[in-house]
$ cat data_12.pdb   # PDB, C-alpha atoms
ATOM      1  CA  MET B  14      56.103  81.213 -13.428
ATOM      2  CA  SER B  15      54.374  77.845 -13.441
ATOM      3  CA  VAL B  16      52.610  76.491 -10.368
ATOM      4  CA  PRO B  17      55.106  74.685  -8.106
ATOM      5  CA  ARG B  18      54.839  70.946  -7.771
ATOM      6  CA  LEU B  19      56.254  70.861  -4.238
ATOM      7  CA  PHE B  20      55.034  72.953  -1.312
ATOM      8  CA  TRP B  21      56.013  73.214   2.338
ATOM      9  CA  GLU B  22      53.603  70.373   3.182
ATOM     10  CA  ASP B  23      55.617  67.975   1.019
ATOM     11  CA  PHE B  24      58.764  68.306   3.127
ATOM     12  CA  THR B  25      57.918  65.948   5.975
ATOM     13  CA  ALA B  26      60.507  65.235   8.665
ATOM     14  CA  GLY B  27      62.760  62.349   7.702
ATOM     15  CA  ARG B  28      62.156  62.666   3.967
ATOM     16  CA  VAL B  29      65.336  62.166   1.929
ATOM     17  CA  ILE B  30      65.930  63.649  -1.525
ATOM     18  CA  ASP B  31      69.012  62.679  -3.521
ATOM     19  CA  CYS B  32      70.390  65.156  -6.068
ATOM     20  CA  GLY B  33      73.037  64.817  -8.751
ATOM     21  CA  PRO B  34      75.431  63.302  -9.644
ATOM     22  CA  ARG B  35      77.708  66.009 -10.990
ATOM     23  CA  LEU B  36      81.227  65.545 -12.283
ATOM     24  CA  VAL B  37      83.532  68.346 -11.123
ATOM     25  CA  THR B  38      86.336  69.314 -13.497
ATOM     26  CA  ARG B  39      89.752  70.850 -12.853
ATOM     27  CA  GLU B  40      88.845  73.692 -15.203
ATOM     28  CA  GLU B  41      85.782  74.755 -13.228
ATOM     29  CA  ILE B  42      87.621  74.434  -9.879
ATOM     30  CA  VAL B  43      90.391  76.742 -11.100
ATOM     31  CA  ALA B  44      87.988  79.172 -12.832
ATOM     32  CA  PHE B  45      85.856  79.528  -9.700
ATOM     33  CA  ALA B  46      88.916  80.025  -7.494
ATOM     34  CA  ALA B  47      90.400  82.610  -9.855
ATOM     35  CA  GLU B  48      87.207  84.633  -9.616
ATOM     36  CA  PHE B  49      86.219  84.263  -5.973
ATOM     37  CA  ASP B  50      88.811  82.472  -3.825
ATOM     38  CA  PRO B  51      92.264  82.821  -5.410
ATOM     39  CA  GLN B  52      94.272  80.825  -2.867
ATOM     40  CA  PRO B  53      97.232  78.825  -4.221
ATOM     41  CA  MET B  54      95.754  75.459  -3.095
ATOM     42  CA  HIS B  55      92.668  76.067  -5.269
ATOM     43  CA  LEU B  56      94.609  77.279  -8.323
ATOM     44  CA  ASP B  57      97.740  75.228  -8.655
ATOM     45  CA  GLU B  58      98.484  71.518  -8.335
ATOM     46  CA  ALA B  59     101.981  72.024  -6.891
ATOM     47  CA  ALA B  60     100.730  74.500  -4.288
ATOM     48  CA  GLY B  61      97.962  72.056  -3.402
ATOM     49  CA  GLN B  62     100.487  69.230  -3.020
ATOM     50  CA  ALA B  63     102.597  71.395  -0.708
ATOM     51  CA  GLY B  64      99.600  72.368   1.439
ATOM     52  CA  MET B  65      97.507  70.717   4.137
ATOM     53  CA  LEU B  66      95.095  69.052   1.681
ATOM     54  CA  GLY B  67      97.748  67.234  -0.370
ATOM     55  CA  GLY B  68      96.633  68.302  -3.839
ATOM     56  CA  LEU B  69      94.522  70.759  -5.793
ATOM     57  CA  SER B  70      91.128  71.141  -4.125
ATOM     58  CA  ALA B  71      88.065  73.252  -4.770
ATOM     59  CA  SER B  72      87.208  76.318  -2.737
ATOM     60  CA  GLY B  73      84.755  75.403   0.009
ATOM     61  CA  TRP B  74      82.514  78.163  -1.339
ATOM     62  CA  HIS B  75      82.568  76.367  -4.680
ATOM     63  CA  SER B  76      81.228  73.235  -2.981
ATOM     64  CA  CYS B  77      78.403  75.352  -1.507
ATOM     65  CA  CYS B  78      77.582  76.838  -4.918
ATOM     66  CA  LEU B  79      77.634  73.457  -6.649
ATOM     67  CA  MET B  80      75.339  72.127  -3.928
ATOM     68  CA  MET B  81      72.934  75.030  -4.523
ATOM     69  CA  ARG B  82      72.820  74.295  -8.239
ATOM     70  CA  MET B  83      72.375  70.566  -7.675
ATOM     71  CA  ILE B  84      69.475  71.011  -5.253
ATOM     72  CA  THR B  85      67.887  73.595  -7.575
ATOM     73  CA  ASP B  86      67.964  71.108 -10.449
ATOM     74  CA  GLY B  87      66.960  68.321  -8.081
ATOM     75  CA  PHE B  88      63.850  69.810  -6.417
ATOM     76  CA  ILE B  89      64.099  73.500  -5.394
ATOM     77  CA  GLY B  90      63.372  74.634  -8.963
ATOM     78  CA  GLU B  91      59.966  72.930  -8.890
ATOM     79  CA  ALA B  92      59.143  73.906  -5.299
ATOM     80  CA  SER B  93      57.488  76.970  -3.782
ATOM     81  CA  PHE B  94      60.942  78.100  -2.601
ATOM     82  CA  LEU B  95      61.166  81.592  -1.122
ATOM     83  CA  GLY B  96      64.842  81.732  -0.170
ATOM     84  CA  SER B  97      66.596  81.544   3.154
ATOM     85  CA  GLY B  98      67.636  84.026   5.819
ATOM     86  CA  GLY B  99      71.025  82.377   6.112
ATOM     87  CA  VAL B 100      72.896  79.163   6.774
ATOM     88  CA  GLU B 101      73.216  77.600  10.211
ATOM     89  CA  GLU B 102      76.500  75.803   9.683
ATOM     90  CA  VAL B 103      78.809  74.606   6.940
ATOM     91  CA  ARG B 104      81.487  71.953   7.539
ATOM     92  CA  TRP B 105      84.131  71.270   4.906
ATOM     93  CA  ARG B 106      85.187  67.762   5.959
ATOM     94  CA  ALA B 107      87.315  66.536   3.069
ATOM     95  CA  PRO B 108      88.688  68.126  -0.099
ATOM     96  CA  LEU B 109      86.666  68.264  -3.311
ATOM     97  CA  ARG B 110      89.053  67.240  -6.117
ATOM     98  CA  PRO B 111      89.139  67.450  -9.901
ATOM     99  CA  GLY B 112      87.311  64.422 -11.323
ATOM    100  CA  ASP B 113      85.144  63.882  -8.260
ATOM    101  CA  ASN B 114      81.590  62.851  -9.100
ATOM    102  CA  VAL B 115      79.412  64.230  -6.338
ATOM    103  CA  THR B 116      75.869  63.768  -5.108
ATOM    104  CA  VAL B 117      73.923  65.733  -2.509
ATOM    105  CA  ARG B 118      71.715  63.956   0.004
ATOM    106  CA  VAL B 119      69.076  66.274   1.458
ATOM    107  CA  THR B 120      67.308  65.166   4.655
ATOM    108  CA  VAL B 121      64.353  67.027   6.170
ATOM    109  CA  ALA B 122      65.303  67.501   9.826
ATOM    110  CA  ASP B 123      62.351  69.590  11.008
ATOM    111  CA  THR B 124      59.524  71.781   9.767
ATOM    112  CA  ARG B 125      57.411  74.579  11.194
ATOM    113  CA  VAL B 126      54.988  77.275  10.121
ATOM    114  CA  SER B 127      56.132  80.887  10.358
ATOM    115  CA  ARG B 128      54.555  82.573  13.369
ATOM    116  CA  SER B 129      54.449  86.022  11.791
ATOM    117  CA  ARG B 130      53.454  84.820   8.303
ATOM    118  CA  PRO B 131      51.347  81.634   8.476
ATOM    119  CA  GLU B 132      51.176  81.372   4.671
ATOM    120  CA  ILE B 133      54.871  80.466   4.826
ATOM    121  CA  GLY B 134      56.551  77.379   6.261
ATOM    122  CA  LEU B 135      60.168  76.718   7.173
ATOM    123  CA  VAL B 136      62.039  73.495   6.476
ATOM    124  CA  LYS B 137      65.288  72.659   8.234
ATOM    125  CA  PHE B 138      67.460  70.604   5.896
ATOM    126  CA  LEU B 139      70.639  68.668   6.564
ATOM    127  CA  MET B 140      72.588  68.590   3.303
ATOM    128  CA  GLU B 141      75.466  66.181   2.742
ATOM    129  CA  MET B 142      77.729  66.171  -0.294
ATOM    130  CA  TYR B 143      79.372  62.818  -1.108
ATOM    131  CA  ASN B 144      81.926  61.827  -3.653
ATOM    132  CA  ALA B 145      81.040  58.642  -5.562
ATOM    133  CA  GLY B 146      81.842  55.572  -3.493
ATOM    134  CA  ALA B 147      82.581  57.506  -0.290
ATOM    135  CA  THR B 148      80.843  56.630   2.948
ATOM    136  CA  GLU B 149      81.655  59.942   4.655
ATOM    137  CA  PRO B 150      80.422  63.278   3.283
ATOM    138  CA  LEU B 151      82.980  65.818   2.083
ATOM    139  CA  MET B 152      80.659  68.653   3.123
ATOM    140  CA  THR B 153      77.692  68.997   5.463
ATOM    141  CA  LEU B 154      75.471  72.021   5.746
ATOM    142  CA  THR B 155      72.369  72.955   7.737
ATOM    143  CA  VAL B 156      69.958  75.504   6.309
ATOM    144  CA  THR B 157      66.322  76.441   6.976
ATOM    145  CA  PRO B 158      64.684  77.996   3.897
ATOM    146  CA  MET B 159      61.119  79.210   3.493
ATOM    147  CA  PHE B 160      58.462  77.667   1.250
ATOM    148  CA  ALA B 161      54.933  78.793   0.459
ATOM    149  CA  ARG B 162      52.238  76.539   1.868
ATOM    150  CA  ARG B 163      49.959  74.678  -0.527
ATOM    151  CA  ASP B 164      46.666  75.631   0.988
ATOM    152  CA  ALA B 165      46.343  79.406   1.258
ATOM    153  CA  THR B 166      42.858  79.034   2.780
ATOM    154  CA  ARG B 167      44.213  76.902   5.572
ATOM    155  CA  ALA B 168      47.004  79.420   6.197
ATOM    156  CA  ALA B 169      44.416  82.208   6.442
ATOM    157  CA  ASP B 170      42.370  80.060   8.870
ATOM    158  CA  ASP B 171      45.479  79.601  11.016
ATOM    159  CA  GLN B 172      45.913  83.349  11.110
ATOM    160  CA  VAL B 173      42.328  83.857  12.315
ATOM    161  CA  ARG B 174      42.818  81.229  15.048
ATOM    162  CA  ALA B 175      46.181  82.649  16.200
TER     163      ALA B 175
ATOM    164  CA  MET F   7     105.017  81.584  -2.867
ATOM    165  CA  SER F   8     106.388  84.698  -1.193
ATOM    166  CA  VAL F   9     106.728  84.927   2.575
ATOM    167  CA  PRO F  10     103.448  86.096   4.139
ATOM    168  CA  ARG F  11     103.342  89.533   5.705
ATOM    169  CA  LEU F  12     100.606  88.617   8.214
ATOM    170  CA  PHE F  13     100.707  85.645  10.579
ATOM    171  CA  TRP F  14      98.364  84.336  13.269
ATOM    172  CA  GLU F  15     100.047  86.609  15.830
ATOM    173  CA  ASP F  16      98.918  89.696  13.904
ATOM    174  CA  PHE F  17      95.225  88.951  14.375
ATOM    175  CA  THR F  18      94.713  90.243  17.883
ATOM    176  CA  ALA F  19      91.220  90.277  19.403
ATOM    177  CA  GLY F  20      89.359  93.467  18.552
ATOM    178  CA  ARG F  21      91.427  94.274  15.466
ATOM    179  CA  VAL F  22      89.287  95.585  12.597
ATOM    180  CA  ILE F  23      90.218  95.266   8.911
ATOM    181  CA  ASP F  24      88.132  97.017   6.254
ATOM    182  CA  CYS F  25      88.043  95.531   2.746
ATOM    183  CA  GLY F  26      86.656  96.863  -0.523
ATOM    184  CA  PRO F  27      84.743  98.747  -1.806
ATOM    185  CA  ARG F  28      83.368  96.740  -4.703
ATOM    186  CA  LEU F  29      80.622  97.819  -7.079
ATOM    187  CA  VAL F  30      78.239  94.947  -7.861
ATOM    188  CA  THR F  31      76.681  94.938 -11.328
ATOM    189  CA  ARG F  32      73.401  93.515 -12.597
ATOM    190  CA  GLU F  33      75.361  91.493 -15.159
ATOM    191  CA  GLU F  34      77.443  89.669 -12.552
ATOM    192  CA  ILE F  35      74.413  89.059 -10.299
ATOM    193  CA  VAL F  36      72.521  87.426 -13.166
ATOM    194  CA  ALA F  37      75.556  85.501 -14.459
ATOM    195  CA  PHE F  38      76.290  84.045 -11.010
ATOM    196  CA  ALA F  39      72.650  83.101 -10.487
ATOM    197  CA  ALA F  40      72.396  81.470 -13.916
ATOM    198  CA  GLU F  41      75.351  79.254 -13.058
ATOM    199  CA  PHE F  42      74.794  78.414  -9.388
ATOM    200  CA  ASP F  43      71.446  79.626  -8.016
ATOM    201  CA  PRO F  44      68.949  80.015 -10.872
ATOM    202  CA  GLN F  45      65.958  81.260  -8.868
ATOM    203  CA  PRO F  46      63.647  83.765 -10.609
ATOM    204  CA  MET F  47      64.335  86.521  -8.018
ATOM    205  CA  HIS F  48      68.059  86.397  -8.834
ATOM    206  CA  LEU F  49      67.578  86.323 -12.626
ATOM    207  CA  ASP F  50      64.708  88.570 -13.537
ATOM    208  CA  GLU F  51      63.663  92.053 -12.400
ATOM    209  CA  ALA F  52      59.911  91.366 -12.723
ATOM    210  CA  ALA F  53      60.187  88.121 -10.733
ATOM    211  CA  GLY F  54      62.204  90.002  -8.103
ATOM    212  CA  GLN F  55      59.549  92.725  -7.905
ATOM    213  CA  ALA F  56      56.847  90.097  -7.426
ATOM    214  CA  GLY F  57      58.789  88.315  -4.676
ATOM    215  CA  MET F  58      59.526  88.898  -1.001
ATOM    216  CA  LEU F  59      62.589  91.077  -1.657
ATOM    217  CA  GLY F  60      60.848  93.614  -3.933
ATOM    218  CA  GLY F  61      63.357  93.619  -6.793
ATOM    219  CA  LEU F  62      66.217  91.736  -8.389
ATOM    220  CA  SER F  63      68.684  90.636  -5.726
ATOM    221  CA  ALA F  64      71.889  88.634  -5.691
ATOM    222  CA  SER F  65      72.075  85.033  -4.535
ATOM    223  CA  GLY F  66      73.155  84.911  -0.915
ATOM    224  CA  TRP F  67      75.925  82.548  -2.024
ATOM    225  CA  HIS F  68      77.097  85.262  -4.387
ATOM    226  CA  SER F  69      77.438  87.631  -1.411
ATOM    227  CA  CYS F  70      79.573  84.992   0.332
ATOM    228  CA  CYS F  71      81.777  84.563  -2.742
ATOM    229  CA  LEU F  72      82.208  88.329  -3.217
ATOM    230  CA  MET F  73      83.142  88.597   0.458
ATOM    231  CA  MET F  74      85.759  85.852   0.030
ATOM    232  CA  ARG F  75      87.298  87.691  -2.922
ATOM    233  CA  MET F  76      87.239  91.038  -1.120
ATOM    234  CA  ILE F  77      88.958  89.676   1.994
ATOM    235  CA  THR F  78      91.496  87.830  -0.161
ATOM    236  CA  ASP F  79      92.414  91.076  -1.916
ATOM    237  CA  GLY F  80      92.204  92.927   1.403
ATOM    238  CA  PHE F  81      94.474  90.795   3.611
ATOM    239  CA  ILE F  82      94.092  86.998   3.248
ATOM    240  CA  GLY F  83      96.253  86.979   0.127
ATOM    241  CA  GLU F  84      99.216  88.339   2.083
ATOM    242  CA  ALA F  85      98.586  86.241   5.196
ATOM    243  CA  SER F  86      99.718  82.760   6.229
ATOM    244  CA  PHE F  87      96.155  81.572   5.515
ATOM    245  CA  LEU F  88      95.581  77.807   5.636
ATOM    246  CA  GLY F  89      91.856  77.633   4.932
ATOM    247  CA  SER F  90      88.916  76.891   7.154
ATOM    248  CA  GLY F  91      87.065  73.787   8.307
ATOM    249  CA  GLY F  92      83.752  75.479   7.701
ATOM    250  CA  VAL F  93      81.557  78.447   8.508
ATOM    251  CA  GLU F  94      79.788  78.884  11.825
ATOM    252  CA  GLU F  95      76.867  80.985  10.627
ATOM    253  CA  VAL F  96      75.774  83.111   7.701
ATOM    254  CA  ARG F  97      72.910  85.625   7.967
ATOM    255  CA  TRP F  98      71.514  87.281   4.853
ATOM    256  CA  ARG F  99      69.904  90.334   6.419
ATOM    257  CA  ALA F 100      69.019  92.544   3.454
ATOM    258  CA  PRO F 101      69.124  92.096  -0.327
ATOM    259  CA  LEU F 102      72.269  92.818  -2.344
ATOM    260  CA  ARG F 103      71.111  94.812  -5.392
ATOM    261  CA  PRO F 104      72.575  95.797  -8.765
ATOM    262  CA  GLY F 105      74.602  98.986  -8.327
ATOM    263  CA  ASP F 106      75.336  98.400  -4.643
ATOM    264  CA  ASN F 107      78.856  99.409  -3.653
ATOM    265  CA  VAL F 108      79.848  97.102  -0.805
ATOM    266  CA  THR F 109      82.569  96.923   1.814
ATOM    267  CA  VAL F 110      83.443  94.121   4.232
ATOM    268  CA  ARG F 111      84.347  94.889   7.830
ATOM    269  CA  VAL F 112      86.331  92.070   9.432
ATOM    270  CA  THR F 113      86.597  92.014  13.233
ATOM    271  CA  VAL F 114      88.824  89.589  15.141
ATOM    272  CA  ALA F 115      86.506  88.083  17.767
ATOM    273  CA  ASP F 116      88.873  85.551  19.316
ATOM    274  CA  THR F 117      92.100  83.655  18.710
ATOM    275  CA  ARG F 118      93.638  80.416  19.931
ATOM    276  CA  VAL F 119      96.453  78.023  19.137
ATOM    277  CA  SER F 120      95.533  74.606  17.759
ATOM    278  CA  ARG F 121      95.844  71.962  20.463
ATOM    279  CA  SER F 122      96.808  69.181  18.086
ATOM    280  CA  ARG F 123      99.046  71.312  15.853
ATOM    281  CA  PRO F 124     100.714  74.127  17.810
ATOM    282  CA  GLU F 125     102.371  75.535  14.685
ATOM    283  CA  ILE F 126      98.865  76.618  13.620
ATOM    284  CA  GLY F 127      96.570  79.222  15.157
ATOM    285  CA  LEU F 128      92.858  79.812  14.700
ATOM    286  CA  VAL F 129      91.239  83.211  14.336
ATOM    287  CA  LYS F 130      87.507  83.680  14.817
ATOM    288  CA  PHE F 131      86.311  86.506  12.562
ATOM    289  CA  LEU F 132      83.024  88.322  12.467
ATOM    290  CA  MET F 133      82.533  89.538   8.895
ATOM    291  CA  GLU F 134      79.972  92.180   8.017
ATOM    292  CA  MET F 135      79.105  93.290   4.483
ATOM    293  CA  TYR F 136      77.701  96.826   4.171
ATOM    294  CA  ASN F 137      76.302  98.720   1.244
ATOM    295  CA  ALA F 138      77.674 102.270   0.938
ATOM    296  CA  GLY F 139      75.928 104.597   3.352
ATOM    297  CA  ALA F 140      74.090 101.821   5.224
ATOM    298  CA  THR F 141      74.328 101.545   9.002
ATOM    299  CA  GLU F 142      73.136  97.925   9.126
ATOM    300  CA  PRO F 143      75.025  95.096   7.389
ATOM    301  CA  LEU F 144      73.326  93.224   4.549
ATOM    302  CA  MET F 145      75.226  90.060   5.490
ATOM    303  CA  THR F 146      77.024  88.823   8.596
ATOM    304  CA  LEU F 147      79.151  85.718   8.807
ATOM    305  CA  THR F 148      81.233  84.007  11.466
ATOM    306  CA  VAL F 149      84.186  81.868  10.412
ATOM    307  CA  THR F 150      87.308  80.535  12.156
ATOM    308  CA  PRO F 151      90.126  79.918   9.663
ATOM    309  CA  MET F 152      93.622  78.638  10.371
ATOM    310  CA  PHE F 153      96.847  80.623   9.965
ATOM    311  CA  ALA F 154     100.460  79.557  10.338
ATOM    312  CA  ARG F 155     102.225  81.074  13.330
ATOM    313  CA  ARG F 156     105.141  83.398  12.740
ATOM    314  CA  ASP F 157     107.594  81.756  15.032
ATOM    315  CA  ALA F 158     107.980  78.080  14.222
ATOM    316  CA  THR F 159     110.557  77.695  17.015
ATOM    317  CA  ARG F 160     108.113  79.013  19.554
ATOM    318  CA  ALA F 161     105.435  76.664  18.227
ATOM    319  CA  ALA F 162     107.831  73.735  18.604
ATOM    320  CA  ASP F 163     108.637  74.888  22.168
ATOM    321  CA  ASP F 164     104.929  74.928  22.974
ATOM    322  CA  GLN F 165     104.658  71.369  21.745
ATOM    323  CA  VAL F 166     107.492  70.259  24.057
ATOM    324  CA  ARG F 167     105.816  71.978  27.007
ATOM    325  CA  ALA F 168     102.316  70.615  26.259
TER     326      ALA F 168
END
$ encode --input "data_12.pdb" --output "structure tokens"
Amino acid sequence: MSVPRLFWEDFTAGRVIDCGPRLVTREEIVAFAAEFDPQPMHLDEAAGQAGMLGGLSASGWHSCCLMMRMITDGFIGEASFLGSGGVEEVRWRAPLRPGDNVTVRVTVADTRVSRSRPEIGLVKFLMEMYNAGATEPLMTLTVTPMFARRDATRAADDQVRA
Amino acid sequence: MSVPRLFWEDFTAGRVIDCGPRLVTREEIVAFAAEFDPQPMHLDEAAGQAGMLGGLSASGWHSCCLMMRMITDGFIGEASFLGSGGVEEVRWRAPLRPGDNVTVRVTVADTRVSRSRPEIGLVKFLMEMYNAGATEPLMTLTVTPMFARRDATRAADDQVRA
């Protein structure tokens, strides 16, 4: 693996990173739903029309997965990313439809160094997925992944001081 | 669509529904990661060994998607399920590995009728994914989806009284 370009230190509070766009097709919405979330409103236009969302819409889990791919291509893939222990909250605010062209806006909400492992830092991100031209996000998500710190020496120093 | 067998009224607090098992293969872990979460630890055994999780492990989003499919096959598919506005919390507590045989234990934590739409009820579920033989879950998740109520007349009565 090549040396990451982005480390924990690069994710300063308030920083905004825009990812995408990505055009979402009917075929991928239906294929994802058939595999993981086979509800009628995610599989069939008529069932979607009859339901609460007024038309075929993607599984909310599909939105999460598309977001993950978009942020990986956008910056996670070149960062010292170490994964996450979970997700704080996901809100599906509006349907994701066939033909939507979505972007993900990532905002650094907070950062801290791990107490137990000072060579690692945590970054709390607010992620918002928008359809093109929309002013309100269709999905918001809060997650706090881990990243390696740039300066291993400094991390070791912190450990000695702690 | 056929008439659902399970309505909001059937999800009483404390009820437990077990779903699965499902055997998770290396091929599906890698295929999912390649599409949605292409991190080295989800794609490559050597990268997994070198990382924090000590071996190839599934994307946490993959665990969520497998859970959604398992609960759909287990009971959601025959329920008056109307989707969810989001997810309260996801915790990835231990890695999901190739060859793991997982089950999902769904516990009804709480239920309530929608204030704005009394024909709909909400059910707060705690979902726990276990590998076979494990006493601790590898993933826990809290989610509060909507279900149609069985008795539309009663729902309408509630609305008149409210």
$ residues_near_point --input "data_12.pdb" --point "(78.0, 62.3, 1.8)" --cutoff "8 Å" --atoms "only C-alpha atoms" --output "list in words"
Thr116, Val117, Arg118, Glu141, Met142, Tyr143, Asn144, Ala147, Thr148, Glu149, Pro150, Leu151, Met152 and Thr153 of chain B
$ atom_distance --input "data_12.pdb" --atom1 "CA of Ile126 in chain F" --atom2 "CA of Glu15 in chain F"
10.3 Å
$ atom_distance --input "data_12.pdb" --atom1 "CA of Leu12 in chain F" --atom2 "CA of Gly80 in chain F"
11.6 Å
$ residues_around --input "data_12.pdb" --residues "range 67-77 of chain F" --least-positions-apart "5" --cutoff "6 Å" --atoms "all atoms listed in the file" --output "ChimeraX atom specification"
/B:49-50 /F:25-26,82
$ axis_aligned_box --input "data_12.pdb" --around "range 136-147 of chain B" --padding-each-side "4 Å" --output "lines of an AutoDock Vina configuration file"
center_x = 72.3
center_y = 64.5
center_z = 1.3
size_x = 28.5
size_y = 25.9
size_z = 21.8
$ atom_distance --input "data_12.pdb" --atom1 "CA of Phe160 in chain B" --atom2 "CA of Ser72 in chain B"
29.1 Å
$ interface_residues --input "data_12.pdb" --of "chain F" --to "chain B" --cutoff "8 Å" --atoms "only C-alpha atoms" --output "list in words"
Glu41, Phe42, Asp43, Pro44, Gln45, Gly57, Met58, Gly66, Trp67, Cys70, Cys71, Leu72, Met74, Arg75, Thr78, Gly83, Leu88, Ser90, Gly91, Gly92, Val93, Glu94, Glu95, Val96, Arg97, Trp98 and Arg99 of chain F
$ write_last_selection --input "data_12.pdb" --atoms "C-alpha atoms" --output "PDB file, in the frame of the given file"
ATOM      1  CA  GLU F  41      75.351  79.254 -13.058  1.00  0.00           C
ATOM      2  CA  PHE F  42      74.794  78.414  -9.388  1.00  0.00           C
ATOM      3  CA  ASP F  43      71.446  79.626  -8.016  1.00  0.00           C
ATOM      4  CA  PRO F  44      68.949  80.015 -10.872  1.00  0.00           C
ATOM      5  CA  GLN F  45      65.958  81.260  -8.868  1.00  0.00           C
ATOM      6  CA  GLY F  57      58.789  88.315  -4.676  1.00  0.00           C
ATOM      7  CA  MET F  58      59.526  88.898  -1.001  1.00  0.00           C
ATOM      8  CA  GLY F  66      73.155  84.911  -0.915  1.00  0.00           C
ATOM      9  CA  TRP F  67      75.925  82.548  -2.024  1.00  0.00           C
ATOM     10  CA  CYS F  70      79.573  84.992   0.332  1.00  0.00           C
ATOM     11  CA  CYS F  71      81.777  84.563  -2.742  1.00  0.00           C
ATOM     12  CA  LEU F  72      82.208  88.329  -3.217  1.00  0.00           C
ATOM     13  CA  MET F  74      85.759  85.852   0.030  1.00  0.00           C
ATOM     14  CA  ARG F  75      87.298  87.691  -2.922  1.00  0.00           C
ATOM     15  CA  THR F  78      91.496  87.830  -0.161  1.00  0.00           C
ATOM     16  CA  GLY F  83      96.253  86.979   0.127  1.00  0.00           C
ATOM     17  CA  LEU F  88      95.581  77.807   5.636  1.00  0.00           C
ATOM     18  CA  SER F  90      88.916  76.891   7.154  1.00  0.00           C
ATOM     19  CA  GLY F  91      87.065  73.787   8.307  1.00  0.00           C
ATOM     20  CA  GLY F  92      83.752  75.479   7.701  1.00  0.00           C
ATOM     21  CA  VAL F  93      81.557  78.447   8.508  1.00  0.00           C
ATOM     22  CA  GLU F  94      79.788  78.884  11.825  1.00  0.00           C
ATOM     23  CA  GLU F  95      76.867  80.985  10.627  1.00  0.00           C
ATOM     24  CA  VAL F  96      75.774  83.111   7.701  1.00  0.00           C
ATOM     25  CA  ARG F  97      72.910  85.625   7.967  1.00  0.00           C
ATOM     26  CA  TRP F  98      71.514  87.281   4.853  1.00  0.00           C
ATOM     27  CA  ARG F  99      69.904  90.334   6.419  1.00  0.00           C
TER      28      ARG F  99
END
$ resolve_selection --input "data_12.pdb" --expression "the PyMOL selection byres ((chain B and resi 111) around 6)" --output "PyMOL selection string"
chain B and resi 37-39+110+112-113
$ resolve_selection --input "data_12.pdb" --expression "the PyMOL selection byres ((chain B and resi 132) around 6)" --output "VMD selection string"
chain B and resid 130 to 131 133 162 168
$ residues_around --input "data_12.pdb" --residues "Trp14 in chain F" --least-positions-apart "2" --cutoff "9 Å" --atoms "only C-alpha atoms" --output "list in words"
Leu12, Asp16, Phe17, Thr18, Ala85, Ser86, Phe87, Thr117, Val119, Ile126, Gly127, Leu128, Val129, Met152, Phe153, Ala154, Arg155 and Arg156 of chain F
$ resolve_selection --input "data_12.pdb" --expression "the PyMOL selection byres ((chain F and resi 22) around 10)" --output "mmCIF file with C-alpha atoms, in the coordinates of the input"
data_model
loop_
_atom_site.group_PDB
_atom_site.id
_atom_site.type_symbol
_atom_site.label_atom_id
_atom_site.label_comp_id
_atom_site.auth_asym_id
_atom_site.auth_seq_id
_atom_site.Cartn_x
_atom_site.Cartn_y
_atom_site.Cartn_z
ATOM 1 C CA PHE F 17 95.225 88.951 14.375
ATOM 2 C CA THR F 18 94.713 90.243 17.883
ATOM 3 C CA ALA F 19 91.220 90.277 19.403
ATOM 4 C CA GLY F 20 89.359 93.467 18.552
ATOM 5 C CA ARG F 21 91.427 94.274 15.466
ATOM 6 C CA ILE F 23 90.218 95.266 8.911
ATOM 7 C CA ASP F 24 88.132 97.017 6.254
ATOM 8 C CA CYS F 25 88.043 95.531 2.746
ATOM 9 C CA ARG F 111 84.347 94.889 7.830
ATOM 10 C CA VAL F 112 86.331 92.070 9.432
ATOM 11 C CA THR F 113 86.597 92.014 13.233
ATOM 12 C CA VAL F 114 88.824 89.589 15.141
ATOM 13 C CA ALA F 115 86.506 88.083 17.767
ATOM 14 C CA PHE F 131 86.311 86.506 12.562
ATOM 15 C CA LEU F 132 83.024 88.322 12.467
ATOM 16 C CA MET F 133 82.533 89.538 8.895
#
